file final.cif (mmCIF, C-alpha atoms)
data_final
#
loop_
_atom_site.label_atom_id
_atom_site.label_comp_id
_atom_site.auth_asym_id
_atom_site.auth_seq_id
_atom_site.Cartn_x
_atom_site.Cartn_y
_atom_site.Cartn_z
CA MET Y 18 25.42 31.48 30.50
CA GLU Y 19 23.21 30.56 33.35
CA GLU Y 20 22.65 26.97 34.39
CA THR Y 21 18.93 27.13 33.49
CA GLU Y 22 19.84 27.98 29.90
CA LEU Y 23 21.87 24.77 29.64
CA ASN Y 24 19.30 22.47 31.28
CA PHE Y 25 17.86 21.51 27.90
CA LEU Y 26 21.14 19.75 27.04
CA GLY Y 27 20.36 16.92 29.49
CA ASP Y 28 16.93 16.28 28.00
CA GLU Y 29 16.85 13.58 25.29
CA GLU Y 30 13.86 15.15 23.57
CA SER Y 31 15.65 18.50 23.35
CA TRP Y 32 18.73 16.80 21.89
CA THR Y 33 16.56 15.10 19.30
CA LYS Y 34 14.87 18.37 18.33
CA SER Y 35 18.21 20.22 18.19
CA SER Y 36 19.69 17.50 15.99
CA PHE Y 37 16.69 17.59 13.69
CA LEU Y 38 16.88 21.38 13.35
CA THR Y 39 20.64 21.20 12.72
CA ASP Y 40 20.08 18.72 9.88
CA LEU Y 41 17.22 20.78 8.46
CA PHE Y 42 19.27 24.00 8.48
CA GLU Y 43 22.17 22.18 6.83
CA HIS Y 44 19.84 21.14 3.98
CA LEU Y 45 18.45 24.68 3.73
CA ASN Y 46 21.99 26.10 3.53
CA LYS Y 47 22.87 23.63 0.75
CA LEU Y 48 19.69 24.61 -1.11
CA ASN Y 49 20.49 28.30 -0.71
CA SER Y 50 24.08 27.82 -1.92
CA SER Y 51 22.96 25.77 -4.91
CA MET Y 52 20.66 28.60 -6.06
CA GLN Y 53 23.50 31.11 -6.31
CA GLY Y 54 25.89 31.58 -9.14
CA ARG Y 55 26.25 32.83 -12.68
CA ASP Y 56 24.38 29.95 -14.36
CA GLU Y 57 21.41 30.00 -11.99
CA ASN Y 58 18.04 31.31 -13.17
CA ILE Y 59 14.45 31.33 -11.95
CA LEU Y 60 13.64 28.00 -13.65
CA THR Y 61 16.57 26.06 -12.18
CA SER Y 62 15.94 27.63 -8.75
CA LEU Y 63 12.25 26.70 -8.93
CA ASP Y 64 13.19 23.10 -9.77
CA LYS Y 65 15.46 22.94 -6.73
CA ILE Y 66 12.81 24.43 -4.45
CA MET Y 67 10.17 21.99 -5.71
CA ALA Y 68 12.56 19.07 -5.14
CA PHE Y 69 13.25 20.34 -1.62
CA ILE Y 70 9.52 20.55 -0.87
CA GLU Y 71 9.14 16.92 -1.99
CA LYS Y 72 12.04 15.94 0.25
CA LEU Y 73 10.37 17.71 3.19
CA ASN Y 74 7.16 15.76 2.58
CA LEU Y 75 9.14 12.51 2.42
CA TRP Y 76 10.96 13.31 5.66
CA LYS Y 77 7.66 14.18 7.33
CA THR Y 78 6.25 10.78 6.33
CA LYS Y 79 9.35 8.99 7.60
CA ILE Y 80 9.24 10.85 10.91
CA ASN Y 81 5.55 10.00 11.37
CA GLN Y 82 6.33 6.32 10.77
CA GLU Y 83 9.14 6.37 13.36
CA GLU Y 84 6.84 8.17 15.83
CA ASN Y 85 4.17 5.50 15.26
CA LEU Y 86 6.68 2.76 15.98
CA CYS Y 87 7.61 4.50 19.26
CA SER Y 88 3.93 4.74 20.16
CA ILE Y 89 3.39 1.02 19.55
CA LYS Y 90 6.55 0.08 21.43
CA ASN Y 91 5.61 2.07 24.53
CA ASP Y 92 1.87 1.30 24.64
CA ARG Y 93 1.29 -1.11 27.56
CA THR Y 94 -2.08 -2.20 26.20
CA LEU Y 95 -0.51 -3.19 22.90
CA GLN Y 96 2.34 -4.96 24.71
CA LEU Y 97 -0.19 -7.09 26.59
CA LYS Y 98 -2.16 -7.75 23.41
CA PHE Y 99 1.03 -8.81 21.60
CA LYS Y 100 1.77 -11.39 24.32
CA LYS Y 101 -1.74 -12.89 24.09
CA ILE Y 102 -2.28 -13.26 20.34
CA THR Y 103 -0.35 -14.41 17.29
CA LEU Y 104 1.77 -12.02 15.26
CA ASN Y 105 -0.68 -12.09 12.32
CA LYS Y 106 -3.62 -11.20 14.55
CA PHE Y 107 -1.56 -8.49 16.27
CA LEU Y 108 -0.62 -6.87 12.93
CA THR Y 109 -4.27 -6.93 11.89
CA TYR Y 110 -5.26 -5.38 15.23
CA VAL Y 111 -2.59 -2.65 14.96
CA SER Y 112 -3.32 -1.94 11.27
CA LYS Y 113 -6.49 -0.05 12.15
CA GLU Y 114 -4.57 2.63 14.04
CA TYR Y 115 -1.11 2.28 12.46
CA PRO Y 116 -1.55 1.08 8.85
CA GLU Y 117 1.95 2.12 7.69
CA ILE Y 118 3.69 0.07 10.38
CA SER Y 119 1.50 -2.95 9.73
CA ILE Y 120 2.15 -2.84 5.97
CA LYS Y 121 5.90 -2.46 6.53
CA ALA Y 122 5.94 -5.43 8.91
CA LEU Y 123 4.00 -7.59 6.47
CA THR Y 124 6.36 -6.78 3.60
CA ILE Y 125 9.28 -7.87 5.77
CA LEU Y 126 7.63 -11.01 7.16
CA LEU Y 127 5.75 -12.23 4.07
CA PRO Y 128 8.75 -13.67 2.17
CA PHE Y 129 9.57 -15.95 5.10
CA SER Y 130 6.09 -17.36 5.27
CA THR Y 131 5.91 -17.94 1.52
CA SER Y 132 9.25 -19.78 1.46
CA TYR Y 133 7.95 -21.95 4.28
CA LEU Y 134 4.80 -22.66 2.25
CA CYS Y 135 6.95 -23.58 -0.75
CA GLU Y 136 8.92 -26.06 1.33
CA GLN Y 137 5.73 -27.44 2.86
CA GLY Y 138 4.17 -27.65 -0.61
CA PHE Y 139 7.11 -29.62 -1.96
CA SER Y 140 6.85 -32.02 0.96
CA GLU Y 141 3.08 -32.45 0.45
CA LEU Y 142 3.54 -32.96 -3.28
CA THR Y 143 6.01 -35.76 -2.59
CA ASN Y 144 3.52 -37.39 -0.17
CA ILE Y 145 0.66 -37.15 -2.68
CA LYS Y 146 2.78 -38.67 -5.46
CA ASN Y 147 3.90 -41.53 -3.22
CA LYS Y 148 0.31 -42.31 -2.16
CA LYS Y 149 -0.90 -42.33 -5.75
CA ARG Y 150 1.94 -44.62 -6.78
CA GLU Y 151 1.14 -47.02 -3.94
CA LYS Y 152 -2.49 -47.17 -5.05
CA ARG Y 153 -1.42 -47.30 -8.70
CA GLU Y 154 -3.59 -44.27 -9.51
CA LYS Y 155 -2.97 -41.91 -12.40
CA LEU Y 156 -1.04 -38.78 -11.57
CA ASN Y 157 -2.88 -36.30 -13.79
CA SER Y 158 -3.28 -33.13 -11.78
CA VAL Y 159 -2.55 -32.58 -8.13
CA GLU Y 160 -3.36 -28.87 -7.95
CA LYS Y 161 -6.65 -29.33 -6.07
CA GLU Y 162 -5.10 -31.75 -3.63
CA MET Y 163 -2.18 -29.37 -3.08
CA ARG Y 164 -4.58 -26.49 -2.42
CA VAL Y 165 -6.38 -28.52 0.25
CA CYS Y 166 -3.11 -29.68 1.85
CA LEU Y 167 -1.63 -26.18 2.09
CA SER Y 168 -4.77 -24.32 3.09
CA THR Y 169 -5.06 -23.09 6.66
CA ILE Y 170 -8.81 -22.66 6.25
CA ARG Y 171 -10.91 -25.47 7.68
CA PRO Y 172 -13.67 -26.60 5.28
CA ARG Y 173 -17.24 -26.23 6.53
CA ILE Y 174 -18.52 -29.58 5.38
CA LYS Y 175 -22.15 -28.94 6.42
CA ASN Y 176 -22.33 -25.75 4.36
CA ILE Y 177 -20.75 -27.47 1.36
CA CYS Y 178 -23.21 -30.37 1.58
CA ASN Y 179 -26.20 -28.04 1.96
CA ALA Y 180 -25.11 -26.03 -1.08
CA HIS Y 181 -25.17 -29.09 -3.37
CA GLN Y 182 -28.30 -30.85 -4.43
CA ALA Y 183 -28.28 -34.62 -4.14
CA HIS Y 184 -28.55 -36.57 -7.39
CA ILE Y 185 -32.01 -37.93 -7.97
CA SER Y 186 -32.02 -41.53 -9.16
CA HIS Y 187 -34.18 -42.41 -12.15
#

call {"tool": "encode", "arguments": {"input": "final.cif", "output": "structure tokens"}}
result
Amino acid sequence: MEETELNFLGDEESWTKSSFLTDLFEHLNKLNSSMQGRDENILTSLDKIMAFIEKLNLWKTKINQEENLCSIKNDRTLQLKFKKITLNKFLTYVSKEYPEISIKALTILLPFSTSYLCEQGFSELTNIKNKKREKREKLNSVEKEMRVCLSTIRPRIKNICNAHQAHISH
């Protein structure tokens, strides 16, 4: 073999493609072998082919997701954006172009934020109960107070006041 024929072996992209094709041909060989034999018929072979087509579609989706992650990782503009804004804002920004990656990240990160909110909620509930006890107020329902304590949304007092009509005295 000439040296030019072996040059592709030093290229990482060529290695990746060769590995992918090797895996794909291995699966095709297994499919082919499974469709041979005395008990095999057109219906069982069709079932195996249909299952293989579904697997190919799944693999294609997985590969696209990995490619998207590589694109995000190596995009200098996105790297700069990530350093300037919060993670939540970054995931929202990226979700327009890479929705699968954004959804995956949120499913991984969401449980941590909700456990934090639970801990914060417990702490706030304790504070509310203590304040009510000090003032000797009834402790009927604290749901509305909890909602206000845990909310990250700032109330727009002017809008709230404008939306309500003042009581007219008689």

call {"tool": "closest_residue", "arguments": {"input": "final.cif", "among": "Y:Lys65, Y:Asp40, Y:Gln182, Y:Glu141", "to": "Met52 (chain Y)", "atoms": "all atoms listed in the file"}}
result
Y:Lys65

call {"tool": "atom_distance", "arguments": {"input": "final.cif", "atom1": "CA of Lys72 (chain Y)", "atom2": "CA of Leu86 (chain Y)"}}
result
21.2 Å

call {"tool": "atom_distance", "arguments": {"input": "final.cif", "atom1": "CA of Pro116 (chain Y)", "atom2": "CA of Gln96 (chain Y)"}}
result
17.4 Å

call {"tool": "resolve_selection", "arguments": {"input": "final.cif", "expression": "the PyMOL selection byres ((chain Y and resi 111-114) around 12)", "output": "number ranges by chain"}}
result
Y: 82, 85-86, 88-90, 92, 94-96, 98-99, 102, 104-110, 115-123

call {"tool": "resolve_selection", "arguments": {"input": "final.cif", "expression": "the PyMOL selection byres ((chain Y and resi 51) around 12)", "output": "ChimeraX atom specification"}}
result
/Y:44-50,52-58,61-66,69

call {"tool": "atom_distance", "arguments": {"input": "final.cif", "atom1": "CA of Ile80 (chain Y)", "atom2": "CA of Lys34 (chain Y)"}}
result
12.0 Å

call {"tool": "closest_residue", "arguments": {"input": "final.cif", "among": "Y:Arg173, Y:Lys79, Y:Lys161, Y:Arg93", "to": "Leu142 (chain Y)", "atoms": "only C-alpha atoms"}}
result
Y:Lys161
